[in-house]
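Working notes, beginning with the structure itself.
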Amino acid sequence: MAPNASGNRNRRYVLAGIVATLGLVTGAILLEVLGTILFALTVAYVLVPVQRWLGRRGLSEWTAAAAATAVGFLSALAVFSPIVVTLYIRVEEVMAVVESLPSEIPIAVFDVTYTVEVAEVQSLALEFLGSAAVSFASALPVLAIKFALFVILLFALLLEGDAAGRAAIAPVPHEYRDIVLTLAKRARETLYAIYVLQLATSAATFLVGYPLFWLLGYDAAFTLAVVAAILQFVPIIGPSLLIVPIALYHVAAGELLAAVLVGILGVGLVAWFPDVGVRPRLARRSAGLPGSLYFVGFTGGLFTLGAIGIVVGPLIVAVFVEAVDLLAEEVNGDVTFTDLAADDLEEPPENLEAEPASPDESGSPIADD
């Protein structure tokens, strides 16, 4: 290798190290808004195809970035507005429902009646809802500032996304850039699955849940539909976390018909139909991450990083799985684990004694005679 090429590569690695170090320091300083920054990064990554599509339609780079930012802004507004309304305005309805619960629930089993005391749990739930409403109201100014920061970052990332991407991949040697591109493709597919697919499924859950809860006679139909849509982000379980407790409440209150209606219609239309009717139509560009791994990433990210972990957790798991697949393909080629196991079973054991030679091949004096 020529000295100039070696020097340029070393200079590139040094600059990459400086960028990484400064990135860590910047992350530590901006820790309070790190979740907002990560959220803006992931949303911008999903909106890059939208910006490029607008650019191909004749819009300038700045106008395309502004239009894509408007799409992200309106999408975030549509997602978070019902949550704000539920937590800030409709919380009194939720508290009224909790207050209406009986302090004792009799349960009959084999002609024996057991009484379950729920008064203490009821008071704890009311206290939690009250404190959550107060905390949310006091945090509204901070949330508004973070939302404004999200929009500004989103526009900047979309406008300068190509430059940032080139800077990120520049330190990677050319022979390894295919790996980076593969991992980037998996990241985009995963983010598409989290944002586009999950948001569409959640929207369908709300559109189905609101009229259903209203027809069943629930006063807080809007709030229940919003909660069901939010729970759609919880993998595997989803809105069943809402439907099952409501059905059990009706059973405890002796309202068996209401329990059957909300159980069957709720599970069938609210929890099951959006996954069957909406998700398959949008899943062609998704990462295809198994539900179990998505659940691991979701719960781990949520407990470790908070709300932003709902996105970052599954993203990290998906990229890790893709890296493992790349390693397996690099080592074993197109051979699968089943083929390797079959080959191992077919190989004869090395420690078996050699079969006795036939008289003609033994080389003994008798054979020589």
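Order determines the names: the first chain of the structure tokens is A, the second B, and so forth; residues in each chain are numbered 1 upward, and ligands are numbered 1 upward as they are shown.
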- Query: Can you tell me, as a PyMOL selection string, what residues are no more than 12 Å from A:Gly277 when counting only C-alpha atoms, ignoring any on the same chain fewer than 6 positions away?
  - Reply: chain A and resi 197+200-201+204-205+208+268-271+283
- Task: Give me the residues within 10 Å of A:Ile152 as a ChimeraX atom specification, counting only C-alpha atoms and dropping any in the same chain fewer than 6 places off.
- Result: /A:40,69,146
Could you save those same residues with C-alpha atoms as a short mmCIF file (atom, residue, chain, number, x, y, z; two decimals), in the first residue's frame?
data_model
loop_
_atom_site.label_atom_id
_atom_site.label_comp_id
_atom_site.auth_asym_id
_atom_site.auth_seq_id
_atom_site.Cartn_x
_atom_site.Cartn_y
_atom_site.Cartn_z
CA ALA A 40 -36.09 12.34 15.46
CA THR A 69 -41.03 17.23 7.89
CA LYS A 146 -39.25 18.81 23.19
#
- Message: Residues within 8 Å of A:Pro239, please, as a VMD selection string. Count only C-alpha atoms; anything in the same chain fewer than 5 positions from it doesn't count.
- Response: chain A and resid 227 to 229 231 to 232 267 270 to 271
File dump, residues just selected, N, CA and C atoms, as a PDB file, in the first residue's frame:
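Result saved to out22.pdb:
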ATOM      1  N   VAL A 227     -56.889   3.915  24.567  1.00  0.00           N
ATOM      2  CA  VAL A 227     -56.062   2.966  25.329  1.00  0.00           C
ATOM      3  C   VAL A 227     -55.836   1.694  24.518  1.00  0.00           C
ATOM      4  N   ALA A 228     -56.875   1.209  23.838  1.00  0.00           N
ATOM      5  CA  ALA A 228     -56.725   0.005  23.002  1.00  0.00           C
ATOM      6  C   ALA A 228     -55.737   0.254  21.867  1.00  0.00           C
ATOM      7  N   ALA A 229     -55.789   1.461  21.262  1.00  0.00           N
ATOM      8  CA  ALA A 229     -54.854   1.780  20.177  1.00  0.00           C
ATOM      9  C   ALA A 229     -53.427   1.851  20.692  1.00  0.00           C
ATOM     10  N   LEU A 231     -52.255   0.224  23.306  1.00  0.00           N
ATOM     11  CA  LEU A 231     -51.849  -1.138  23.659  1.00  0.00           C
ATOM     12  C   LEU A 231     -51.531  -1.970  22.423  1.00  0.00           C
ATOM     13  N   GLN A 232     -51.933  -1.512  21.247  1.00  0.00           N
ATOM     14  CA  GLN A 232     -51.588  -2.231  20.025  1.00  0.00           C
ATOM     15  C   GLN A 232     -50.076  -2.277  19.819  1.00  0.00           C
ATOM     16  N   VAL A 267     -62.318  -8.907  21.608  1.00  0.00           N
ATOM     17  CA  VAL A 267     -61.150  -9.685  21.174  1.00  0.00           C
ATOM     18  C   VAL A 267     -61.162  -9.868  19.659  1.00  0.00           C
ATOM     19  N   VAL A 270     -61.439  -5.695  18.019  1.00  0.00           N
ATOM     20  CA  VAL A 270     -60.450  -4.713  18.461  1.00  0.00           C
ATOM     21  C   VAL A 270     -59.049  -5.310  18.524  1.00  0.00           C
ATOM     22  N   ALA A 271     -58.931  -6.503  19.107  1.00  0.00           N
ATOM     23  CA  ALA A 271     -57.603  -7.090  19.299  1.00  0.00           C
ATOM     24  C   ALA A 271     -57.138  -7.911  18.101  1.00  0.00           C
TER      25      ALA A 271
END
- From the list A:Ser75, A:Ser202, A:Thr42, A:Thr63, the nearest residue to A:Asp275 using only C-alpha atoms is A:Ser202
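With distances restricted to only C-alpha atoms, A:Leu157 is the closest residue to A:Val48 from A:Leu157, A:Val142, A:Ala221, A:Ile29.
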- Pick out the residues sitting within 12 Å of A:Leu302, and hand them over as a ChimeraX atom specification; count only C-alpha atoms, and ignore anything fewer than 3 positions along from it in its own chain. /A:35,233-234,294-299,305-314
Using the selection just defined, write its residues with all heavy atoms as a compact mmCIF listing (two decimals), in the first residue's frame.
# COMPACT_ATOMS: atom_id res chain seq x y z
N GLY A 35 -33.70 11.15 24.27
CA GLY A 35 -34.83 10.41 23.72
C GLY A 35 -35.46 11.13 22.55
O GLY A 35 -35.83 10.51 21.54
N PHE A 233 -49.35 -1.34 20.43
CA PHE A 233 -47.89 -1.34 20.35
C PHE A 233 -47.28 -2.46 21.19
O PHE A 233 -46.10 -2.78 21.02
CB PHE A 233 -47.32 0.01 20.78
CG PHE A 233 -47.39 1.05 19.71
CD1 PHE A 233 -48.51 1.84 19.57
CD2 PHE A 233 -46.33 1.25 18.84
CE1 PHE A 233 -48.59 2.80 18.57
CE2 PHE A 233 -46.39 2.20 17.84
CZ PHE A 233 -47.53 2.98 17.71
N VAL A 234 -48.03 -2.99 22.15
CA VAL A 234 -47.51 -4.07 22.98
C VAL A 234 -47.59 -5.36 22.17
O VAL A 234 -48.69 -5.79 21.81
CB VAL A 234 -48.31 -4.22 24.28
CG1 VAL A 234 -47.75 -5.35 25.14
CG2 VAL A 234 -48.29 -2.91 25.06
N TYR A 294 -39.40 -9.53 18.94
CA TYR A 294 -39.94 -8.18 19.03
C TYR A 294 -40.39 -7.89 20.46
O TYR A 294 -40.18 -6.79 20.98
CB TYR A 294 -41.10 -8.02 18.06
CG TYR A 294 -41.69 -6.63 18.04
CD1 TYR A 294 -41.11 -5.62 17.28
CD2 TYR A 294 -42.81 -6.31 18.79
CE1 TYR A 294 -41.63 -4.34 17.25
CE2 TYR A 294 -43.34 -5.04 18.78
CZ TYR A 294 -42.75 -4.06 18.01
OH TYR A 294 -43.27 -2.79 18.01
N PHE A 295 -40.99 -8.88 21.11
CA PHE A 295 -41.44 -8.71 22.49
C PHE A 295 -40.25 -8.51 23.43
O PHE A 295 -40.29 -7.68 24.34
CB PHE A 295 -42.25 -9.93 22.93
CG PHE A 295 -42.86 -9.80 24.29
CD1 PHE A 295 -43.99 -9.02 24.49
CD2 PHE A 295 -42.31 -10.47 25.38
CE1 PHE A 295 -44.56 -8.90 25.74
CE2 PHE A 295 -42.87 -10.34 26.63
CZ PHE A 295 -44.00 -9.56 26.82
N VAL A 296 -39.17 -9.26 23.21
CA VAL A 296 -37.96 -9.10 24.02
C VAL A 296 -37.39 -7.70 23.86
O VAL A 296 -37.06 -7.01 24.84
CB VAL A 296 -36.91 -10.17 23.63
CG1 VAL A 296 -35.57 -9.86 24.28
CG2 VAL A 296 -37.39 -11.55 24.06
N GLY A 297 -37.27 -7.24 22.60
CA GLY A 297 -36.76 -5.89 22.37
C GLY A 297 -37.67 -4.82 22.93
O GLY A 297 -37.20 -3.82 23.49
N PHE A 298 -38.97 -5.02 22.82
CA PHE A 298 -39.94 -4.04 23.32
C PHE A 298 -39.85 -3.89 24.83
O PHE A 298 -39.69 -2.79 25.36
CB PHE A 298 -41.35 -4.48 22.91
CG PHE A 298 -42.45 -3.59 23.41
CD1 PHE A 298 -42.90 -2.52 22.66
CD2 PHE A 298 -43.04 -3.82 24.65
CE1 PHE A 298 -43.92 -1.70 23.12
CE2 PHE A 298 -44.05 -3.01 25.12
CZ PHE A 298 -44.49 -1.94 24.35
N THR A 299 -39.92 -5.02 25.54
CA THR A 299 -39.91 -4.96 27.01
C THR A 299 -38.54 -4.51 27.53
O THR A 299 -38.46 -3.67 28.43
CB THR A 299 -40.27 -6.32 27.60
OG1 THR A 299 -39.39 -7.34 27.03
CG2 THR A 299 -41.69 -6.69 27.29
N LEU A 305 -34.70 2.06 28.72
CA LEU A 305 -34.59 3.41 28.16
C LEU A 305 -35.85 4.24 28.33
O LEU A 305 -35.86 5.42 27.97
CB LEU A 305 -34.24 3.32 26.67
CG LEU A 305 -32.94 2.60 26.32
CD1 LEU A 305 -32.79 2.49 24.81
CD2 LEU A 305 -31.75 3.33 26.91
N GLY A 306 -36.92 3.65 28.82
CA GLY A 306 -38.17 4.39 28.93
C GLY A 306 -38.96 4.33 27.64
O GLY A 306 -38.88 3.36 26.89
N ALA A 307 -39.74 5.39 27.36
CA ALA A 307 -40.66 5.38 26.22
C ALA A 307 -39.93 5.19 24.89
O ALA A 307 -40.40 4.48 24.00
CB ALA A 307 -41.48 6.67 26.20
N ILE A 308 -38.75 5.82 24.73
CA ILE A 308 -38.02 5.69 23.47
C ILE A 308 -37.54 4.26 23.25
O ILE A 308 -37.29 3.83 22.12
CB ILE A 308 -36.82 6.66 23.44
CG1 ILE A 308 -36.20 6.72 22.03
CG2 ILE A 308 -35.77 6.26 24.47
CD1 ILE A 308 -37.13 7.22 20.97
N GLY A 309 -37.44 3.46 24.33
CA GLY A 309 -37.02 2.07 24.20
C GLY A 309 -38.01 1.21 23.43
O GLY A 309 -37.64 0.14 22.93
N ILE A 310 -39.27 1.69 23.31
CA ILE A 310 -40.25 0.96 22.50
C ILE A 310 -39.78 0.86 21.05
O ILE A 310 -40.06 -0.11 20.35
CB ILE A 310 -41.62 1.68 22.59
CG1 ILE A 310 -42.14 1.62 24.03
CG2 ILE A 310 -42.62 1.07 21.63
CD1 ILE A 310 -43.40 2.41 24.25
N VAL A 311 -39.04 1.88 20.60
CA VAL A 311 -38.50 1.88 19.24
C VAL A 311 -37.08 1.33 19.20
O VAL A 311 -36.75 0.47 18.38
CB VAL A 311 -38.53 3.31 18.66
CG1 VAL A 311 -37.88 3.35 17.28
CG2 VAL A 311 -39.95 3.83 18.60
N VAL A 312 -36.23 1.81 20.13
CA VAL A 312 -34.81 1.45 20.10
C VAL A 312 -34.61 -0.03 20.42
O VAL A 312 -33.76 -0.69 19.81
CB VAL A 312 -34.02 2.34 21.08
CG1 VAL A 312 -32.55 1.93 21.11
CG2 VAL A 312 -34.15 3.80 20.67
N GLY A 313 -35.38 -0.58 21.35
CA GLY A 313 -35.21 -1.98 21.75
C GLY A 313 -35.38 -2.95 20.59
O GLY A 313 -34.46 -3.72 20.26
N PRO A 314 -36.56 -2.96 19.93
CA PRO A 314 -36.72 -3.85 18.77
C PRO A 314 -35.73 -3.56 17.64
O PRO A 314 -35.30 -4.48 16.93
CB PRO A 314 -38.16 -3.58 18.31
CG PRO A 314 -38.85 -3.07 19.53
CD PRO A 314 -37.82 -2.30 20.28
- Task: May I ask for the distance between atom CA of A:Ala328 and atom CA of A:Tyr195, given in Å to one decimal place?
- Result: 29.2 Å
- Message: If I take atom CA of A:Phe206 and atom CA of A:Val226, how far is one from the other in Å, to one decimal?
- Response: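 We find that atom CA of A:Phe206 and atom CA of A:Val226 lie 6.1 Å from each other.
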- Would you work out the distance separating atom CA of A:Leu326 from atom CA of A:Leu41, expressed in Å to one decimal?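 Computing it gives 24.9 Å between the two atoms.
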- Message: Give me, as a PyMOL selection string, all polymer residues having an atom no more than 12 Å from A:Arg186, counting only C-alpha atoms and skipping those fewer than 2 positions away in the same chain.
- Response: chain A and resi 45-46+179-184+188-193+285-289+314-323+325-326
